[in-house]
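Trainee: my_file-v2.cif is the file, holding mmCIF, all heavy atoms:
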data_entry
#
loop_
_atom_site.label_atom_id
_atom_site.label_comp_id
_atom_site.auth_asym_id
_atom_site.auth_seq_id
_atom_site.Cartn_x
_atom_site.Cartn_y
_atom_site.Cartn_z
N MET A 1416 -73.85 75.81 154.65
CA MET A 1416 -72.75 76.17 153.76
C MET A 1416 -73.27 76.43 152.35
O MET A 1416 -74.06 75.67 151.83
CB MET A 1416 -71.73 75.04 153.68
CG MET A 1416 -70.89 74.83 154.90
SD MET A 1416 -69.61 73.62 154.59
CE MET A 1416 -68.20 74.63 154.83
N SER A 1417 -72.77 77.47 151.76
CA SER A 1417 -73.17 77.77 150.39
C SER A 1417 -72.25 77.06 149.42
O SER A 1417 -71.24 76.46 149.79
CB SER A 1417 -73.12 79.28 150.17
OG SER A 1417 -71.78 79.73 150.22
N ALA A 1418 -72.59 77.13 148.14
CA ALA A 1418 -71.78 76.48 147.11
C ALA A 1418 -70.39 77.12 147.02
O ALA A 1418 -69.41 76.45 146.73
CB ALA A 1418 -72.50 76.56 145.76
N ARG A 1419 -70.31 78.41 147.29
CA ARG A 1419 -69.02 79.11 147.26
C ARG A 1419 -68.09 78.58 148.34
O ARG A 1419 -66.90 78.40 148.11
CB ARG A 1419 -69.23 80.61 147.42
CG ARG A 1419 -67.95 81.41 147.43
CD ARG A 1419 -68.24 82.89 147.24
NE ARG A 1419 -67.22 83.79 147.65
CZ ARG A 1419 -65.97 83.84 147.24
NH1 ARG A 1419 -65.55 82.94 146.41
NH2 ARG A 1419 -65.13 84.74 147.63
N ASP A 1420 -68.64 78.32 149.51
CA ASP A 1420 -67.82 77.78 150.60
C ASP A 1420 -67.32 76.39 150.26
O ASP A 1420 -66.19 76.03 150.61
CB ASP A 1420 -68.63 77.74 151.90
CG ASP A 1420 -68.96 79.13 152.42
OD1 ASP A 1420 -68.23 80.08 152.08
OD2 ASP A 1420 -69.95 79.25 153.17
N LEU A 1421 -68.13 75.60 149.59
CA LEU A 1421 -67.72 74.24 149.22
C LEU A 1421 -66.63 74.26 148.15
O LEU A 1421 -65.81 73.35 148.10
CB LEU A 1421 -68.93 73.43 148.74
CG LEU A 1421 -69.97 73.10 149.81
CD1 LEU A 1421 -71.15 72.37 149.19
CD2 LEU A 1421 -69.36 72.29 150.93
N ARG A 1422 -66.62 75.28 147.31
CA ARG A 1422 -65.57 75.38 146.29
C ARG A 1422 -64.24 75.82 146.89
O ARG A 1422 -63.18 75.56 146.31
CB ARG A 1422 -65.97 76.36 145.19
CG ARG A 1422 -66.96 75.76 144.20
CD ARG A 1422 -67.22 76.71 143.07
NE ARG A 1422 -68.19 77.70 143.57
CZ ARG A 1422 -68.37 78.89 143.04
NH1 ARG A 1422 -67.67 79.27 142.03
NH2 ARG A 1422 -69.25 79.71 143.54
N ASP A 1423 -64.28 76.49 148.03
CA ASP A 1423 -63.05 76.95 148.68
C ASP A 1423 -62.33 75.85 149.45
O ASP A 1423 -61.14 75.97 149.71
CB ASP A 1423 -63.36 78.10 149.63
CG ASP A 1423 -63.76 79.37 148.90
OD1 ASP A 1423 -63.46 79.46 147.69
OD2 ASP A 1423 -64.36 80.25 149.53
N ILE A 1424 -63.02 74.79 149.79
CA ILE A 1424 -62.42 73.73 150.62
C ILE A 1424 -61.23 73.06 149.93
O ILE A 1424 -60.19 72.89 150.57
CB ILE A 1424 -63.50 72.71 151.04
CG1 ILE A 1424 -64.44 73.38 152.03
CG2 ILE A 1424 -62.87 71.47 151.65
CD1 ILE A 1424 -65.61 72.52 152.44
N PRO A 1425 -61.29 72.68 148.63
CA PRO A 1425 -60.11 72.07 148.02
C PRO A 1425 -58.91 73.01 147.96
O PRO A 1425 -57.76 72.57 148.11
CB PRO A 1425 -60.56 71.69 146.61
CG PRO A 1425 -62.03 71.61 146.69
CD PRO A 1425 -62.45 72.59 147.74
N VAL A 1426 -59.15 74.29 147.78
CA VAL A 1426 -58.04 75.26 147.74
C VAL A 1426 -57.38 75.35 149.11
O VAL A 1426 -56.15 75.33 149.23
CB VAL A 1426 -58.55 76.64 147.28
CG1 VAL A 1426 -57.46 77.68 147.37
CG2 VAL A 1426 -59.11 76.56 145.88
N ILE A 1427 -58.19 75.43 150.14
CA ILE A 1427 -57.65 75.51 151.51
C ILE A 1427 -56.89 74.23 151.84
O ILE A 1427 -55.79 74.28 152.41
CB ILE A 1427 -58.79 75.76 152.51
CG1 ILE A 1427 -59.39 77.14 152.28
CG2 ILE A 1427 -58.30 75.62 153.94
CD1 ILE A 1427 -60.67 77.39 153.03
N ALA A 1428 -57.45 73.08 151.47
CA ALA A 1428 -56.77 71.80 151.73
C ALA A 1428 -55.45 71.72 150.98
O ALA A 1428 -54.45 71.22 151.51
CB ALA A 1428 -57.68 70.64 151.34
N GLY A 1429 -55.41 72.22 149.75
CA GLY A 1429 -54.18 72.22 148.98
C GLY A 1429 -53.10 73.09 149.60
O GLY A 1429 -51.94 72.70 149.66
N VAL A 1430 -53.48 74.26 150.06
CA VAL A 1430 -52.51 75.16 150.70
C VAL A 1430 -51.97 74.53 151.98
O VAL A 1430 -50.76 74.55 152.23
CB VAL A 1430 -53.16 76.54 150.99
CG1 VAL A 1430 -52.28 77.38 151.89
CG2 VAL A 1430 -53.45 77.26 149.69
N ILE A 1431 -52.85 73.94 152.77
CA ILE A 1431 -52.40 73.27 154.01
C ILE A 1431 -51.48 72.11 153.68
O ILE A 1431 -50.45 71.91 154.35
CB ILE A 1431 -53.62 72.82 154.84
CG1 ILE A 1431 -54.36 74.03 155.39
CG2 ILE A 1431 -53.20 71.89 155.97
CD1 ILE A 1431 -55.68 73.72 156.06
N LEU A 1432 -51.79 71.34 152.66
CA LEU A 1432 -50.94 70.21 152.26
C LEU A 1432 -49.56 70.67 151.80
O LEU A 1432 -48.54 70.09 152.18
CB LEU A 1432 -51.62 69.41 151.16
CG LEU A 1432 -50.90 68.17 150.67
CD1 LEU A 1432 -50.83 67.13 151.78
CD2 LEU A 1432 -51.61 67.59 149.47
N ILE A 1433 -49.51 71.73 151.02
CA ILE A 1433 -48.22 72.25 150.54
C ILE A 1433 -47.37 72.76 151.70
O ILE A 1433 -46.18 72.46 151.78
CB ILE A 1433 -48.45 73.36 149.49
CG1 ILE A 1433 -48.99 72.75 148.21
CG2 ILE A 1433 -47.17 74.12 149.21
CD1 ILE A 1433 -49.45 73.75 147.19
N VAL A 1434 -47.97 73.51 152.62
CA VAL A 1434 -47.23 74.02 153.77
C VAL A 1434 -46.74 72.86 154.65
O VAL A 1434 -45.60 72.87 155.13
CB VAL A 1434 -48.09 75.02 154.58
CG1 VAL A 1434 -47.43 75.37 155.89
CG2 VAL A 1434 -48.35 76.27 153.75
N THR A 1435 -47.56 71.85 154.83
CA THR A 1435 -47.17 70.68 155.62
C THR A 1435 -46.00 69.95 154.97
O THR A 1435 -45.06 69.52 155.66
CB THR A 1435 -48.36 69.72 155.78
OG1 THR A 1435 -49.45 70.43 156.36
CG2 THR A 1435 -48.00 68.54 156.64
N MET A 1436 -46.02 69.82 153.64
CA MET A 1436 -44.92 69.15 152.95
C MET A 1436 -43.63 69.95 153.03
O MET A 1436 -42.54 69.38 152.98
CB MET A 1436 -45.30 68.89 151.48
CG MET A 1436 -46.34 67.80 151.31
SD MET A 1436 -46.87 67.59 149.61
CE MET A 1436 -45.38 67.04 148.85
N LEU A 1437 -43.73 71.27 153.15
CA LEU A 1437 -42.53 72.08 153.30
C LEU A 1437 -41.94 71.96 154.71
O LEU A 1437 -40.72 72.03 154.87
CB LEU A 1437 -42.85 73.55 153.00
CG LEU A 1437 -43.13 73.90 151.55
CD1 LEU A 1437 -43.61 75.34 151.44
CD2 LEU A 1437 -41.89 73.70 150.71
N ILE A 1438 -42.79 71.79 155.70
CA ILE A 1438 -42.31 71.73 157.08
C ILE A 1438 -41.81 70.33 157.44
O ILE A 1438 -40.74 70.18 158.03
CB ILE A 1438 -43.44 72.17 158.05
CG1 ILE A 1438 -43.75 73.64 157.82
CG2 ILE A 1438 -43.04 71.92 159.49
CD1 ILE A 1438 -44.96 74.14 158.57
N ILE A 1439 -42.59 69.30 157.11
CA ILE A 1439 -42.23 67.92 157.45
C ILE A 1439 -41.32 67.37 156.36
O ILE A 1439 -41.66 67.44 155.18
CB ILE A 1439 -43.49 67.05 157.59
CG1 ILE A 1439 -44.35 67.57 158.72
CG2 ILE A 1439 -43.12 65.59 157.80
CD1 ILE A 1439 -45.69 66.88 158.84
N PRO A 1440 -40.16 66.80 156.74
CA PRO A 1440 -39.27 66.24 155.72
C PRO A 1440 -39.94 65.07 155.00
O PRO A 1440 -40.57 64.23 155.61
CB PRO A 1440 -38.05 65.78 156.50
CG PRO A 1440 -38.26 66.14 157.91
CD PRO A 1440 -39.62 66.71 158.07
N PHE A 1441 -39.77 65.06 153.70
CA PHE A 1441 -40.37 64.02 152.86
C PHE A 1441 -39.32 62.96 152.57
O PHE A 1441 -38.17 63.30 152.30
CB PHE A 1441 -40.85 64.68 151.56
CG PHE A 1441 -42.20 64.21 151.10
CD1 PHE A 1441 -43.26 64.17 151.96
CD2 PHE A 1441 -42.39 63.82 149.79
CE1 PHE A 1441 -44.51 63.75 151.52
CE2 PHE A 1441 -43.61 63.41 149.35
CZ PHE A 1441 -44.69 63.37 150.21
N PRO A 1442 -39.67 61.67 152.60
CA PRO A 1442 -38.67 60.63 152.31
C PRO A 1442 -38.13 60.76 150.87
O PRO A 1442 -38.84 61.18 149.96
CB PRO A 1442 -39.43 59.32 152.47
CG PRO A 1442 -40.72 59.65 153.11
CD PRO A 1442 -40.96 61.11 152.95
N THR A 1443 -36.89 60.37 150.70
CA THR A 1443 -36.24 60.49 149.39
C THR A 1443 -36.96 59.69 148.32
O THR A 1443 -37.14 60.16 147.20
CB THR A 1443 -34.78 60.03 149.50
OG1 THR A 1443 -34.17 60.70 150.60
CG2 THR A 1443 -34.01 60.37 148.25
N TRP A 1444 -37.37 58.46 148.67
CA TRP A 1444 -38.04 57.62 147.68
C TRP A 1444 -39.36 58.23 147.24
O TRP A 1444 -39.74 58.13 146.07
CB TRP A 1444 -38.26 56.21 148.22
CG TRP A 1444 -39.13 56.15 149.44
CD1 TRP A 1444 -38.74 56.21 150.73
CD2 TRP A 1444 -40.56 56.07 149.46
NE1 TRP A 1444 -39.83 56.15 151.57
CE2 TRP A 1444 -40.96 56.07 150.81
CE3 TRP A 1444 -41.54 55.99 148.47
CZ2 TRP A 1444 -42.29 55.99 151.19
CZ3 TRP A 1444 -42.86 55.92 148.86
CH2 TRP A 1444 -43.23 55.92 150.21
N ALA A 1445 -40.06 58.91 148.15
CA ALA A 1445 -41.34 59.54 147.79
C ALA A 1445 -41.11 60.73 146.86
O ALA A 1445 -41.86 60.94 145.91
CB ALA A 1445 -42.08 59.97 149.05
N LEU A 1446 -40.06 61.52 147.15
CA LEU A 1446 -39.75 62.65 146.26
C LEU A 1446 -39.38 62.16 144.87
O LEU A 1446 -39.80 62.72 143.86
CB LEU A 1446 -38.61 63.48 146.85
CG LEU A 1446 -38.98 64.37 148.02
CD1 LEU A 1446 -37.72 65.04 148.57
CD2 LEU A 1446 -39.99 65.40 147.60
N SER A 1447 -38.58 61.08 144.80
CA SER A 1447 -38.20 60.53 143.51
C SER A 1447 -39.43 60.05 142.74
O SER A 1447 -39.56 60.29 141.54
CB SER A 1447 -37.22 59.37 143.70
OG SER A 1447 -36.05 59.82 144.29
N PHE A 1448 -40.33 59.39 143.44
CA PHE A 1448 -41.55 58.90 142.79
C PHE A 1448 -42.40 60.06 142.27
O PHE A 1448 -42.93 60.01 141.15
CB PHE A 1448 -42.35 58.04 143.78
CG PHE A 1448 -43.65 57.56 143.22
CD1 PHE A 1448 -43.67 56.55 142.28
CD2 PHE A 1448 -44.85 58.12 143.64
CE1 PHE A 1448 -44.88 56.10 141.76
CE2 PHE A 1448 -46.05 57.68 143.13
CZ PHE A 1448 -46.07 56.67 142.19
N LEU A 1449 -42.55 61.11 143.06
CA LEU A 1449 -43.35 62.26 142.64
C LEU A 1449 -42.71 62.99 141.45
O LEU A 1449 -43.41 63.47 140.55
CB LEU A 1449 -43.57 63.21 143.81
CG LEU A 1449 -44.49 62.69 144.92
CD1 LEU A 1449 -44.51 63.65 146.08
CD2 LEU A 1449 -45.89 62.46 144.38
N ILE A 1450 -41.37 63.06 141.43
CA ILE A 1450 -40.69 63.69 140.29
C ILE A 1450 -40.91 62.86 139.02
O ILE A 1450 -41.15 63.41 137.93
CB ILE A 1450 -39.19 63.88 140.60
CG1 ILE A 1450 -39.02 64.98 141.65
CG2 ILE A 1450 -38.41 64.23 139.34
CD1 ILE A 1450 -37.61 65.13 142.17
N ILE A 1451 -40.84 61.52 139.15
CA ILE A 1451 -41.09 60.65 138.01
C ILE A 1451 -42.51 60.83 137.49
O ILE A 1451 -42.74 60.92 136.28
CB ILE A 1451 -40.82 59.18 138.39
CG1 ILE A 1451 -39.33 58.96 138.58
CG2 ILE A 1451 -41.38 58.23 137.35
CD1 ILE A 1451 -38.98 57.62 139.20
N CYS A 1452 -43.48 60.91 138.41
CA CYS A 1452 -44.87 61.13 138.00
C CYS A 1452 -45.04 62.47 137.30
O CYS A 1452 -45.75 62.57 136.29
CB CYS A 1452 -45.79 61.05 139.21
SG CYS A 1452 -45.96 59.40 139.88
N ASN A 1453 -44.39 63.50 137.81
CA ASN A 1453 -44.49 64.84 137.23
C ASN A 1453 -43.93 64.87 135.81
O ASN A 1453 -44.56 65.39 134.89
CB ASN A 1453 -43.75 65.84 138.13
CG ASN A 1453 -43.97 67.26 137.71
OD1 ASN A 1453 -44.78 67.54 136.86
ND2 ASN A 1453 -43.24 68.16 138.34
N ILE A 1454 -42.75 64.29 135.62
CA ILE A 1454 -42.14 64.28 134.30
C ILE A 1454 -42.95 63.43 133.33
O ILE A 1454 -43.15 63.81 132.16
CB ILE A 1454 -40.67 63.80 134.39
CG1 ILE A 1454 -39.84 64.84 135.14
CG2 ILE A 1454 -40.08 63.53 133.01
CD1 ILE A 1454 -38.43 64.40 135.45
N SER A 1455 -43.46 62.29 133.80
CA SER A 1455 -44.28 61.43 132.94
C SER A 1455 -45.55 62.14 132.50
O SER A 1455 -45.94 62.07 131.32
CB SER A 1455 -44.65 60.14 133.68
OG SER A 1455 -43.50 59.44 134.03
N LEU A 1456 -46.21 62.83 133.41
CA LEU A 1456 -47.43 63.56 133.06
C LEU A 1456 -47.13 64.69 132.07
O LEU A 1456 -47.88 64.90 131.12
CB LEU A 1456 -48.08 64.11 134.32
CG LEU A 1456 -49.41 64.82 134.12
CD1 LEU A 1456 -50.45 63.83 133.62
CD2 LEU A 1456 -49.87 65.44 135.42
N ALA A 1457 -46.02 65.38 132.28
CA ALA A 1457 -45.65 66.47 131.37
C ALA A 1457 -45.36 65.93 129.97
O ALA A 1457 -45.78 66.52 128.96
CB ALA A 1457 -44.43 67.21 131.91
N LEU A 1458 -44.65 64.80 129.89
CA LEU A 1458 -44.38 64.20 128.58
C LEU A 1458 -45.65 63.72 127.90
O LEU A 1458 -45.81 63.85 126.68
CB LEU A 1458 -43.39 63.03 128.72
CG LEU A 1458 -41.94 63.43 128.89
CD1 LEU A 1458 -41.09 62.20 129.20
CD2 LEU A 1458 -41.43 64.12 127.65
N MET A 1459 -46.58 63.17 128.68
CA MET A 1459 -47.83 62.71 128.11
C MET A 1459 -48.63 63.88 127.53
O MET A 1459 -49.16 63.80 126.41
CB MET A 1459 -48.65 62.00 129.19
CG MET A 1459 -49.76 61.16 128.66
SD MET A 1459 -50.46 59.99 129.84
CE MET A 1459 -50.65 60.95 131.30
N VAL A 1460 -48.69 64.99 128.25
CA VAL A 1460 -49.40 66.18 127.76
C VAL A 1460 -48.72 66.70 126.49
O VAL A 1460 -49.39 67.06 125.51
CB VAL A 1460 -49.46 67.26 128.85
CG1 VAL A 1460 -49.92 68.59 128.28
CG2 VAL A 1460 -50.36 66.82 129.98
N LEU A 1461 -47.40 66.73 126.49
CA LEU A 1461 -46.66 67.20 125.32
C LEU A 1461 -46.92 66.32 124.10
O LEU A 1461 -47.20 66.83 123.01
CB LEU A 1461 -45.16 67.25 125.64
CG LEU A 1461 -44.26 67.72 124.51
CD1 LEU A 1461 -44.51 69.19 124.22
CD2 LEU A 1461 -42.82 67.48 124.87
N LEU A 1462 -46.85 65.01 124.26
CA LEU A 1462 -47.06 64.10 123.14
C LEU A 1462 -48.49 64.16 122.63
O LEU A 1462 -48.73 64.12 121.41
CB LEU A 1462 -46.68 62.68 123.53
CG LEU A 1462 -45.19 62.44 123.74
CD1 LEU A 1462 -44.95 61.05 124.31
CD2 LEU A 1462 -44.43 62.63 122.45
N ILE A 1463 -49.45 64.26 123.52
CA ILE A 1463 -50.85 64.35 123.09
C ILE A 1463 -51.08 65.65 122.33
O ILE A 1463 -51.73 65.66 121.28
CB ILE A 1463 -51.79 64.24 124.31
CG1 ILE A 1463 -51.78 62.81 124.83
CG2 ILE A 1463 -53.21 64.66 123.95
CD1 ILE A 1463 -52.52 62.63 126.14
N SER A 1464 -50.52 66.74 122.81
CA SER A 1464 -50.73 68.02 122.13
C SER A 1464 -50.02 68.06 120.77
O SER A 1464 -50.50 68.71 119.84
CB SER A 1464 -50.26 69.18 123.00
OG SER A 1464 -48.86 69.10 123.19
N MET A 1465 -48.91 67.36 120.64
CA MET A 1465 -48.21 67.34 119.36
C MET A 1465 -48.94 66.48 118.32
O MET A 1465 -48.83 66.71 117.12
CB MET A 1465 -46.79 66.81 119.54
CG MET A 1465 -45.86 67.79 120.21
SD MET A 1465 -44.24 67.10 120.56
CE MET A 1465 -43.70 66.61 118.95
N ASN A 1466 -49.70 65.48 118.76
CA ASN A 1466 -50.36 64.56 117.85
C ASN A 1466 -51.81 64.90 117.55
O ASN A 1466 -52.49 64.14 116.86
CB ASN A 1466 -50.28 63.13 118.39
CG ASN A 1466 -48.87 62.58 118.27
OD1 ASN A 1466 -48.22 62.78 117.27
ND2 ASN A 1466 -48.42 61.90 119.32
N MET A 1467 -52.29 66.03 118.04
CA MET A 1467 -53.67 66.43 117.75
C MET A 1467 -53.78 66.94 116.32
O MET A 1467 -52.91 67.65 115.84
CB MET A 1467 -54.13 67.51 118.72
CG MET A 1467 -54.35 67.01 120.13
SD MET A 1467 -54.98 68.26 121.22
CE MET A 1467 -56.58 68.54 120.52
N LYS A 1468 -54.82 66.53 115.65
CA LYS A 1468 -55.03 66.94 114.26
C LYS A 1468 -55.48 68.41 114.17
O LYS A 1468 -55.06 69.14 113.31
CB LYS A 1468 -56.07 66.05 113.60
CG LYS A 1468 -55.69 64.60 113.58
CD LYS A 1468 -54.80 64.29 112.43
CE LYS A 1468 -54.57 62.79 112.38
NZ LYS A 1468 -53.22 62.42 112.09
N GLU A 1469 -56.39 68.78 115.06
CA GLU A 1469 -56.90 70.15 115.05
C GLU A 1469 -57.14 70.61 116.49
O GLU A 1469 -57.38 69.79 117.37
CB GLU A 1469 -58.19 70.25 114.24
CG GLU A 1469 -59.28 69.35 114.76
CD GLU A 1469 -60.48 69.35 113.84
OE1 GLU A 1469 -60.31 69.17 112.64
OE2 GLU A 1469 -61.58 69.54 114.37
N PRO A 1470 -57.07 71.90 116.75
CA PRO A 1470 -57.29 72.39 118.11
C PRO A 1470 -58.74 72.22 118.54
O PRO A 1470 -59.65 72.13 117.71
CB PRO A 1470 -56.89 73.86 118.04
CG PRO A 1470 -57.02 74.23 116.61
CD PRO A 1470 -56.75 72.97 115.83
N LEU A 1471 -58.94 72.21 119.83
CA LEU A 1471 -60.31 72.10 120.33
C LEU A 1471 -61.01 73.38 120.04
O LEU A 1471 -61.94 73.74 119.77
CB LEU A 1471 -60.31 71.84 121.84
CG LEU A 1471 -59.65 70.55 122.25
CD1 LEU A 1471 -59.57 70.48 123.77
CD2 LEU A 1471 -60.43 69.37 121.74
#
How does the structure come out when it is put into structure tokens?
Mentor:
Amino acid sequence: MSARDLRDIPVIAGVILIVTMLIIPFPTWALSFLIICNISLALMVLLISMNMKEPL
């Protein structure tokens, strides 16, 4: 396997995971937890970017 093939594996795994999550019903508590994580991460990125003194 070349280095290019190894870089494609996470992309393929991600696509398979997304399609699987669309087909198999996800429990309500898991969806709620993932939404909470998504919003928390977005707020963290927003607050960090607002408090930076200078751009990278």
Trainee: Run DSSP on the backbone and grab whatever in chain A lands in alpha helix (DSSP H); send it over as a ChimeraX atom specification.
Mentor: /A:1418-1438,1443-1465
Trainee: So how many Å separate atom N of Leu1437 (chain A) and CG of Leu1449 (chain A), to one decimal?
Mentor: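 Between these atoms lies a distance of 11.9 Å.
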Trainee: CA of Ile1431 (chain A) and CA of Leu1456 (chain A) are how many Å apart?
Mentor: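 According to the coordinates, CA of Ile1431 (chain A) and CA of Leu1456 (chain A) are separated by 23.6 Å.
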Trainee: Could you state the separation of CA of Ala1445 (chain A) and CA of Leu1462 (chain A) in Å, given to one decimal place?
Mentor: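 So the two atoms, CA of Ala1445 (chain A) and CA of Leu1462 (chain A), lie 25.7 Å apart.
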